[in-house]
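**Q** This one is protein.txt, compact mmCIF, C-alpha atoms.
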```txt
# COMPACT_ATOMS: atom_id res chain seq x y z
CA MET A 227 25.66 6.14 0.20
CA SER A 228 22.16 7.58 0.28
CA GLU A 229 19.31 6.58 -2.00
CA LEU A 230 16.76 8.98 -3.39
CA VAL A 231 13.26 7.86 -4.30
CA LEU A 232 11.19 9.76 -6.85
CA THR A 233 7.50 8.95 -7.28
CA LEU A 234 5.27 10.64 -9.81
CA SER A 235 2.01 10.46 -11.68
CA CYS A 236 0.84 12.54 -14.62
CA PRO A 237 -1.24 12.41 -17.78
CA ASP A 238 0.26 9.74 -19.99
CA ARG A 239 2.19 10.90 -23.04
CA PRO A 240 5.44 10.02 -24.83
CA GLY A 241 8.74 11.15 -23.35
CA ILE A 242 8.11 10.82 -19.61
CA VAL A 243 10.55 7.98 -18.96
CA GLN A 244 13.22 9.61 -21.11
CA ALA A 245 12.83 12.95 -19.31
CA VAL A 246 13.11 11.32 -15.88
CA SER A 247 16.06 9.13 -16.85
CA THR A 248 17.89 12.07 -18.41
CA PHE A 249 17.33 14.16 -15.28
CA VAL A 250 18.64 11.42 -12.99
CA THR A 251 21.81 10.72 -14.98
CA ALA A 252 22.48 14.42 -15.60
CA HIS A 253 22.64 14.92 -11.83
CA GLY A 254 25.24 12.21 -11.30
CA LEU A 255 22.84 9.55 -10.07
CA ASN A 256 22.51 5.88 -10.98
CA ILE A 257 19.09 4.25 -11.22
CA VAL A 258 18.99 1.11 -9.05
CA GLU A 259 15.27 0.37 -9.19
CA THR A 260 12.39 1.51 -11.36
CA GLU A 261 8.73 0.57 -11.71
CA GLN A 262 6.10 2.12 -13.90
CA PHE A 263 2.46 1.67 -14.85
CA GLY A 264 0.30 3.22 -17.53
CA ASP A 265 -3.40 3.20 -16.67
CA ARG A 266 -5.14 3.05 -20.05
CA ASP A 267 -8.58 3.65 -18.56
CA ASP A 268 -7.54 6.96 -17.00
CA ALA A 269 -4.73 7.74 -19.49
CA ARG A 270 -2.45 8.31 -16.51
CA PHE A 271 1.16 7.27 -15.97
CA TYR A 272 2.76 6.26 -12.66
CA MET A 273 6.45 5.83 -11.94
CA ARG A 274 8.80 5.13 -9.03
CA VAL A 275 12.56 5.54 -9.41
CA ALA A 276 15.21 4.78 -6.79
CA ALA A 277 18.64 6.23 -7.54
CA GLU A 278 21.93 6.59 -5.72
CA SER A 279 25.00 8.75 -6.16
CA LEU A 280 27.95 7.40 -8.12
CA ASP A 281 30.44 8.53 -5.49
CA ASP A 282 30.50 9.01 -1.71
CA VAL A 283 29.00 12.48 -1.90
CA SER A 284 25.33 12.48 -0.93
CA PRO A 285 23.17 14.46 -3.34
CA ASP A 286 21.32 17.46 -1.98
CA ALA A 287 17.63 16.57 -2.05
CA ASP A 288 16.45 20.19 -1.84
CA SER A 289 18.52 21.19 -4.88
CA LEU A 290 17.25 18.20 -6.83
CA ARG A 291 13.65 19.08 -5.97
CA ALA A 292 14.15 22.62 -7.22
CA ASP A 293 15.68 21.36 -10.47
CA PHE A 294 13.07 18.66 -11.01
CA GLU A 295 10.26 21.20 -10.72
CA ILE A 296 11.06 22.25 -14.30
CA VAL A 297 10.50 18.70 -15.56
CA ALA A 298 7.40 18.27 -13.43
CA ARG A 299 5.75 21.41 -14.76
CA ASP A 300 6.34 20.33 -18.35
CA PHE A 301 4.46 17.07 -17.78
CA ASN A 302 1.93 18.32 -15.20
CA MET A 303 3.22 15.86 -12.63
CA ASP A 304 2.14 15.12 -9.08
CA TRP A 305 5.45 14.08 -7.59
CA ARG A 306 7.54 13.54 -4.48
CA LEU A 307 11.29 13.19 -3.96
CA VAL A 308 12.61 11.78 -0.68
CA ASP A 309 15.98 10.84 0.76
CA SER A 310 15.83 7.28 2.12
CA GLN A 311 18.28 8.22 4.88
CA GLN A 312 15.57 10.39 6.43
CA ARG A 313 13.70 7.72 8.41
CA PRO A 314 9.96 8.35 8.63
CA ARG A 315 8.56 9.05 12.09
CA MET A 316 5.64 6.76 12.90
CA LEU A 317 2.98 6.93 15.59
CA ILE A 318 0.89 3.83 16.31
CA MET A 319 -2.60 3.87 17.81
CA VAL A 320 -4.19 0.83 19.47
CA SER A 321 -7.03 -0.09 21.79
CA LYS A 322 -7.13 -3.41 23.66
CA PHE A 323 -6.00 -5.99 21.09
CA GLY A 324 -2.24 -5.84 20.64
CA HIS A 325 -1.54 -8.36 17.88
CA CYS A 326 -1.02 -5.81 15.10
CA LEU A 327 0.95 -3.53 17.42
CA SER A 328 3.24 -6.37 18.52
CA ASP A 329 3.80 -7.40 14.90
CA LEU A 330 4.68 -3.85 13.82
CA LEU A 331 7.08 -3.31 16.72
CA TYR A 332 8.87 -6.56 15.90
CA ARG A 333 9.20 -5.68 12.21
CA VAL A 334 10.58 -2.26 13.12
CA ARG A 335 13.08 -3.86 15.51
CA ILE A 336 14.44 -6.23 12.85
CA GLU A 337 14.49 -3.37 10.29
CA GLN A 338 11.87 -4.95 8.05
CA LEU A 339 10.04 -1.66 8.47
CA SER A 340 12.35 1.32 8.20
CA ALA A 341 10.83 3.86 10.57
CA ASP A 342 11.21 5.34 14.04
CA VAL A 343 8.21 4.71 16.30
CA VAL A 344 7.99 7.93 18.30
CA ALA A 345 5.03 6.89 20.49
CA VAL A 346 2.09 4.54 20.90
CA VAL A 347 -1.24 6.15 21.74
CA SER A 348 -4.11 4.18 23.22
CA ASN A 349 -7.53 4.80 24.70
CA HIS A 350 -6.93 1.83 27.04
CA PRO A 351 -3.93 0.92 29.24
CA ASP A 352 -3.82 -2.75 28.18
CA CYS A 353 -0.74 -2.50 25.91
CA ARG A 354 1.31 -0.26 28.18
CA ASP A 355 3.73 -2.95 29.39
CA MET A 356 4.41 -4.23 25.86
CA VAL A 357 5.16 -0.74 24.57
CA GLN A 358 7.32 0.34 27.49
CA ALA A 359 9.29 -2.93 27.30
CA ALA A 360 10.21 -1.88 23.76
CA GLY A 361 11.50 1.45 25.06
CA ILE A 362 8.78 3.47 23.34
CA PRO A 363 6.66 6.19 25.02
CA PHE A 364 3.11 5.06 25.80
CA VAL A 365 0.46 7.79 25.79
CA HIS A 366 -2.89 6.95 27.38
CA LEU A 367 -5.69 9.10 25.95
CA PRO A 368 -9.06 7.87 27.28
CA VAL A 369 -11.96 8.60 24.94
CA ASP A 370 -15.67 8.92 25.63
CA ALA A 371 -18.45 10.97 24.10
CA GLY A 372 -17.53 14.00 26.16
CA SER A 373 -13.75 13.82 25.74
CA LYS A 374 -13.38 12.83 22.07
CA ALA A 375 -12.66 16.34 20.78
CA ASP A 376 -10.12 16.99 23.54
CA ALA A 377 -8.40 13.64 22.89
CA GLU A 378 -8.09 14.43 19.18
CA ASP A 379 -6.66 17.88 19.98
CA LYS A 380 -4.01 16.22 22.17
CA LEU A 381 -3.30 13.70 19.43
CA LEU A 382 -2.75 16.46 16.88
CA GLN A 383 -0.47 18.28 19.30
CA LEU A 384 1.59 15.10 19.65
CA VAL A 385 1.69 14.62 15.87
CA ASP A 386 2.98 18.17 15.42
CA GLN A 387 5.38 18.01 18.37
CA GLU A 388 6.96 14.73 17.22
CA GLN A 389 6.86 15.67 13.52
CA VAL A 390 4.97 12.48 12.75
CA ASP A 391 4.99 11.34 9.12
CA LEU A 392 2.62 8.37 9.46
CA VAL A 393 -0.12 7.37 11.91
CA VAL A 394 -1.02 3.67 11.97
CA LEU A 395 -4.33 2.54 13.44
CA ALA A 396 -3.33 -0.92 14.65
CA ARG A 397 -6.80 -1.99 15.76
CA TYR A 398 -7.65 1.40 17.27
CA MET A 399 -11.36 0.98 17.92
CA GLN A 400 -12.42 4.61 17.82
CA ILE A 401 -13.84 6.46 14.82
CA LEU A 402 -11.70 9.43 13.86
CA SER A 403 -13.56 12.65 13.19
CA PRO A 404 -13.83 13.88 9.58
CA GLU A 405 -11.82 16.95 10.61
CA LEU A 406 -8.95 14.81 11.91
CA CYS A 407 -8.99 12.61 8.80
CA ASP A 408 -8.84 15.67 6.57
CA ARG A 409 -6.03 17.21 8.62
CA LEU A 410 -3.94 14.02 8.31
CA SER A 411 -5.04 13.07 4.80
CA GLY A 412 -2.74 10.48 3.24
CA ARG A 413 -0.90 9.98 6.55
CA VAL A 414 -3.20 7.56 8.39
CA ILE A 415 -3.40 3.82 7.63
CA ASN A 416 -6.21 1.73 9.13
CA ILE A 417 -6.79 -2.03 9.33
CA HIS A 418 -10.03 -3.94 9.67
CA HIS A 419 -11.48 -7.30 8.76
CA SER A 420 -12.69 -7.59 5.19
CA MET A 421 -16.12 -9.00 6.00
CA LEU A 422 -17.75 -5.57 6.19
CA PRO A 423 -20.54 -4.58 5.83
CA SER A 424 -21.46 -7.94 7.36
CA PHE A 425 -20.43 -8.76 10.93
CA LYS A 426 -20.14 -5.22 12.23
CA GLY A 427 -19.40 -4.27 15.82
CA ALA A 428 -18.11 -6.50 18.59
CA ARG A 429 -16.72 -10.02 18.06
CA PRO A 430 -16.85 -10.04 14.25
CA TYR A 431 -15.00 -13.35 13.98
CA GLN A 432 -17.47 -15.02 16.35
CA GLN A 433 -20.26 -13.67 14.15
CA ALA A 434 -18.48 -15.01 11.08
CA TYR A 435 -18.04 -18.40 12.74
CA ASP A 436 -21.73 -18.53 13.62
CA ARG A 437 -22.56 -17.90 9.95
CA GLY A 438 -20.12 -20.54 8.70
CA VAL A 439 -17.97 -18.29 6.53
CA LYS A 440 -15.43 -19.97 4.25
CA LEU A 441 -13.02 -17.04 3.93
CA VAL A 442 -11.65 -14.41 6.28
CA GLY A 443 -9.68 -11.40 5.21
CA ALA A 444 -8.29 -8.02 6.19
CA THR A 445 -8.08 -4.66 4.46
CA ALA A 446 -5.49 -1.94 5.04
CA HIS A 447 -6.44 1.46 3.67
CA TYR A 448 -5.91 5.17 4.11
CA ALA A 449 -8.35 6.61 6.63
CA THR A 450 -10.72 9.22 5.25
CA SER A 451 -13.85 10.96 6.45
CA ASP A 452 -15.83 8.16 4.73
CA LEU A 453 -15.67 5.44 7.37
CA ASP A 454 -13.74 2.35 6.18
CA GLU A 455 -13.97 3.51 2.56
CA GLY A 456 -10.56 5.11 2.04
CA PRO A 457 -8.23 4.05 -0.81
CA ILE A 458 -7.20 0.42 -0.31
CA ILE A 459 -3.46 -0.28 -0.07
CA GLU A 460 -3.36 -4.01 0.68
CA GLN A 461 -5.64 -6.95 1.39
CA GLU A 462 -5.05 -10.47 2.66
CA VAL A 463 -7.42 -13.46 2.62
CA GLN A 464 -7.32 -16.96 4.12
CA ARG A 465 -9.62 -19.94 3.64
CA VAL A 466 -11.53 -21.21 6.66
CA ASP A 467 -11.47 -24.95 7.32
CA HIS A 468 -14.70 -26.57 8.56
CA THR A 469 -12.79 -28.10 11.49
CA MET A 470 -11.90 -24.68 12.92
CA ASP A 471 -13.69 -23.52 16.03
CA ALA A 472 -14.38 -19.86 16.78
CA ALA A 473 -11.01 -19.40 18.54
CA ALA A 474 -9.06 -20.82 15.58
CA LEU A 475 -11.00 -18.65 13.14
CA THR A 476 -10.30 -15.58 15.28
CA ALA A 477 -6.57 -16.39 15.38
CA LEU A 478 -6.54 -16.82 11.61
CA GLY A 479 -8.34 -13.52 11.17
CA ARG A 480 -5.85 -11.71 13.37
CA ASP A 481 -2.98 -13.17 11.36
CA THR A 482 -4.50 -11.75 8.18
CA GLU A 483 -4.79 -8.36 9.85
CA CYS A 484 -1.10 -8.39 10.79
CA LEU A 485 -0.02 -9.38 7.29
CA ALA A 486 -2.17 -6.86 5.45
CA LEU A 487 -1.26 -4.00 7.79
CA SER A 488 2.49 -4.65 7.82
CA ARG A 489 2.61 -4.82 4.03
CA ALA A 490 0.60 -1.63 3.65
CA VAL A 491 2.85 0.19 6.12
CA ARG A 492 5.97 -1.06 4.34
CA TYR A 493 4.69 0.03 0.94
CA HIS A 494 3.92 3.48 2.34
CA LEU A 495 7.27 3.83 4.10
CA GLU A 496 9.08 2.81 0.91
CA ASN A 497 7.11 5.39 -1.10
CA ARG A 498 5.47 2.77 -3.28
CA VAL A 499 1.86 3.96 -2.89
CA MET A 500 0.24 6.62 -5.04
CA VAL A 501 -3.36 7.66 -4.57
CA HIS A 502 -5.58 8.58 -7.49
CA GLY A 503 -9.19 9.26 -6.58
CA ARG A 504 -10.61 6.36 -4.59
CA LYS A 505 -7.87 3.92 -5.65
CA THR A 506 -4.17 3.40 -5.12
CA VAL A 507 -1.38 2.31 -7.40
CA VAL A 508 1.25 0.30 -5.48
CA LEU A 509 4.51 0.00 -7.43
CA LYS A 510 6.27 -3.04 -6.02
```
Could you take the file, read its structure, and then write that structure out as structure tokens?

**A**
Amino acid sequence: MSELVLTLSCPDRPGIVQAVSTFVTAHGLNIVETEQFGDRDDARFYMRVAAESLDDVSPDADSLRADFEIVARDFNMDWRLVDSQQRPRMLIMVSKFGHCLSDLLYRVRIEQLSADVVAVVSNHPDCRDMVQAAGIPFVHLPVDAGSKADAEDKLLQLVDQEQVDLVVLARYMQILSPELCDRLSGRVINIHHSMLPSFKGARPYQQAYDRGVKLVGATAHYATSDLDEGPIIEQEVQRVDHTMDAAALTALGRDTECLALSRAVRYHLENRVMVHGRKTVVLK
């Protein structure tokens, strides 16, 4: 039995929930999960509905989309309807540090993340053995000042060829061009420590240790042409104990990165994230 997920946002007004519920039941579907949020500051309404058929016949998503367009126009909705049986195709990018990559691959393997990893792309060969051991293609795309444009062209070719739905930057330590971010808008999730703008560059956790920070954190967000300023999906924070040395603080920081990134990826894959301006609404 397949499950359909409808997400929508629109100007808030009476009758939205009734219209959506009536549409779902009129098409022989049963609502199994629903979340909604009315943003009073923006006078905007957000909703996520998961529904399944009442019999063994899978509903036709294309027909439902065509029918729902009438409702959507009436309420000026931004909306999306997906069939949960269509597993998203995910491409992961990494540089030398493989902790987030390893965590994501494990969560995919145990079905905590429902996606197919079609390839892992890296500008370094360090994670090749880990990726190939998981039976996933490893694509080495070296990047320097002279080859950056060519590497991004090859990346886009791979995204198109593999019909990639989501690109995850799992500690990929290269800045994506504004053109690439715009081309893949809403389809790229990045992770970084949450101590920016302090402690930039190499060894941020060592820098944080030297300054005696009391908290470390990580931020997962959509990548945009504004470096590290895309809409935030998830954040994680941990308190630093005074007995921790630099290695322990670094390990704690990497744990926060794994947690924040995996949650953000899961929310995206489950169609729980809606972007409005510089912010997101995550309907859990």

**Q** What gap, in Å, lies between atom CA of Pro363 of chain A and atom CA of Ile415 of chain A?

**A** 20.2 Å

**Q** Identify, on the basis of all atoms listed in the file, every residue whose closest approach to Glu405 of chain A does not exceed 12 Å; exclude the query and any residue fewer than 4 positions from it along the same chain; express the result as a list of chain:residue names.

**A**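 Near Glu405 of chain A, the qualifying residues are A:Ala375, A:Glu378, A:Asp379, A:Leu382, A:Ile401, A:Arg409, A:Leu410, A:Ser411, A:Ala449, A:Thr450, A:Ser451, A:Asp452.
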
**Q** Can I get the selected residues back with C-alpha atoms, as a tab-separated table (two decimals), in the frame of the given file?

**A**
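Okay, result.tsv is ready:
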```tsv
chain	number	residue	atom	x	y	z
A	375	ALA	CA	-12.66	16.34	20.78
A	378	GLU	CA	-8.09	14.43	19.18
A	379	ASP	CA	-6.66	17.88	19.98
A	382	LEU	CA	-2.75	16.46	16.88
A	401	ILE	CA	-13.84	6.46	14.82
A	409	ARG	CA	-6.03	17.21	8.62
A	410	LEU	CA	-3.94	14.02	8.31
A	411	SER	CA	-5.04	13.07	4.80
A	449	ALA	CA	-8.35	6.61	6.63
A	450	THR	CA	-10.72	9.22	5.25
A	451	SER	CA	-13.85	10.96	6.45
A	452	ASP	CA	-15.83	8.16	4.73
```

**Q** Using only C-alpha atoms, determine which residues lie at most 10 Å from Val343 of chain A, disregarding the query and same-chain residues fewer than 2 positions distant; provide the list as an MDAnalysis selection string.

**A** chainID A and resid 314:318 330:331 334:335 340:341 345:346 361:363 390 392:393

**Q** What gap, in Å, lies between atom CA of Pro237 of chain A and atom CA of Asp268 of chain A?

**A**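 Atom CA of Asp268 of chain A lies at a distance of 8.4 Å from atom CA of Pro237 of chain A.
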
**Q** If you count all atoms listed in the file, which residues fall within 12 Å of Val243 of chain A, apart from same-chain ones fewer than 4 positions away, as a PyMOL selection string?

**A** chain A and resi 234-236+238-239+247-250+260-264+271-275+297+301

**Q** Quick check, in Å to one decimal: how far apart do atom CA of Ala396 of chain A and atom CA of Asp352 of chain A lie?

**A**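 Computed distance, atom CA of Ala396 of chain A to atom CA of Asp352 of chain A, equals 13.7 Å.
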
**Q** Quick one: of A:Leu339, A:Asp454, A:Asp370, A:Ala434, who's nearest to Val466 of chain A, counting all atoms listed in the file?

**A**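 Looking at the shortest contact to Val466 of chain A, the residue is A:Ala434.
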
**Q** Have a look at A:Gln400, A:Gln312, A:Thr445, A:Ser488 and name the one nearest to Val347 of chain A; count only C-alpha atoms.

**A**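 Answer, going by the shortest atom-to-atom distance: A:Gln400.
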
**Q** Taking all atoms listed in the file into account, name the residue in A:Thr233, A:Ser348, A:Thr476, A:Ser373 that is nearest to Val439 of chain A.

**A** A:Thr476

**Q** Residues at most 9 Å from Leu232 of chain A, counting only C-alpha atoms, excluding those fewer than 6 positions away in the same chain, as an mmCIF file with C-alpha atoms, keeping the file's coordinate frame?

**A**
```cif
data_model
loop_
_atom_site.group_PDB
_atom_site.id
_atom_site.type_symbol
_atom_site.label_atom_id
_atom_site.label_comp_id
_atom_site.auth_asym_id
_atom_site.auth_seq_id
_atom_site.Cartn_x
_atom_site.Cartn_y
_atom_site.Cartn_z
ATOM 1 C CA MET A 273 6.450 5.830 -11.940
ATOM 2 C CA ARG A 274 8.800 5.130 -9.030
ATOM 3 C CA VAL A 275 12.560 5.540 -9.410
ATOM 4 C CA ALA A 276 15.210 4.780 -6.790
ATOM 5 C CA ALA A 277 18.640 6.230 -7.540
ATOM 6 C CA TRP A 305 5.450 14.080 -7.590
ATOM 7 C CA ARG A 306 7.540 13.540 -4.480
ATOM 8 C CA LEU A 307 11.290 13.190 -3.960
ATOM 9 C CA VAL A 308 12.610 11.780 -0.680
ATOM 10 C CA ASN A 497 7.110 5.390 -1.100
#
```

**Q** Counting only C-alpha atoms, which of A:Leu406, A:Leu495, A:Val394, A:Met470 gets nearest to Tyr448 of chain A?

**A**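 Of A:Leu406, A:Leu495, A:Val394, A:Met470, the one nearest Tyr448 of chain A, counting only C-alpha atoms, is A:Val394.
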
**Q** Measuring atom to atom with only C-alpha atoms, identify which of A:Ala298, A:Leu395, A:Leu384, A:Ala252 is nearest to Cys484 of chain A.

**A** A:Leu395

**Q** Find the residue from A:Arg504, A:Arg299, A:His350, A:His418 that sits nearest to Ala486 of chain A; use only C-alpha atoms when measuring.

**A**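 Once distances to Ala486 of chain A are computed over only C-alpha atoms, the minimum belongs to A:His418.
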
**Q** Could you give me, as a list in words, the residues within 10 Å of Ser279 of chain A, counting all atoms listed in the file and dropping anything in the same chain fewer than 3 positions from it?

**A**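 With the cut-off at 10 Å, the set is Met227, Ser228, Glu229, Leu230, Val250, Thr251, His253, Gly254, Leu255, Asn256, Ile257, Asp282, Val283, Ser284 and Pro285 of chain A.
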
**Q** Go ahead and save the residues from that selection, with C-alpha atoms, as an mmCIF file, in the frame of the given file.

**A**
```cif
data_model
loop_
_atom_site.group_PDB
_atom_site.id
_atom_site.type_symbol
_atom_site.label_atom_id
_atom_site.label_comp_id
_atom_site.auth_asym_id
_atom_site.auth_seq_id
_atom_site.Cartn_x
_atom_site.Cartn_y
_atom_site.Cartn_z
ATOM 1 C CA MET A 227 25.660 6.140 0.200
ATOM 2 C CA SER A 228 22.160 7.580 0.280
ATOM 3 C CA GLU A 229 19.310 6.580 -2.000
ATOM 4 C CA LEU A 230 16.760 8.980 -3.390
ATOM 5 C CA VAL A 250 18.640 11.420 -12.990
ATOM 6 C CA THR A 251 21.810 10.720 -14.980
ATOM 7 C CA HIS A 253 22.640 14.920 -11.830
ATOM 8 C CA GLY A 254 25.240 12.210 -11.300
ATOM 9 C CA LEU A 255 22.840 9.550 -10.070
ATOM 10 C CA ASN A 256 22.510 5.880 -10.980
ATOM 11 C CA ILE A 257 19.090 4.250 -11.220
ATOM 12 C CA ASP A 282 30.500 9.010 -1.710
ATOM 13 C CA VAL A 283 29.000 12.480 -1.900
ATOM 14 C CA SER A 284 25.330 12.480 -0.930
ATOM 15 C CA PRO A 285 23.170 14.460 -3.340
#
```
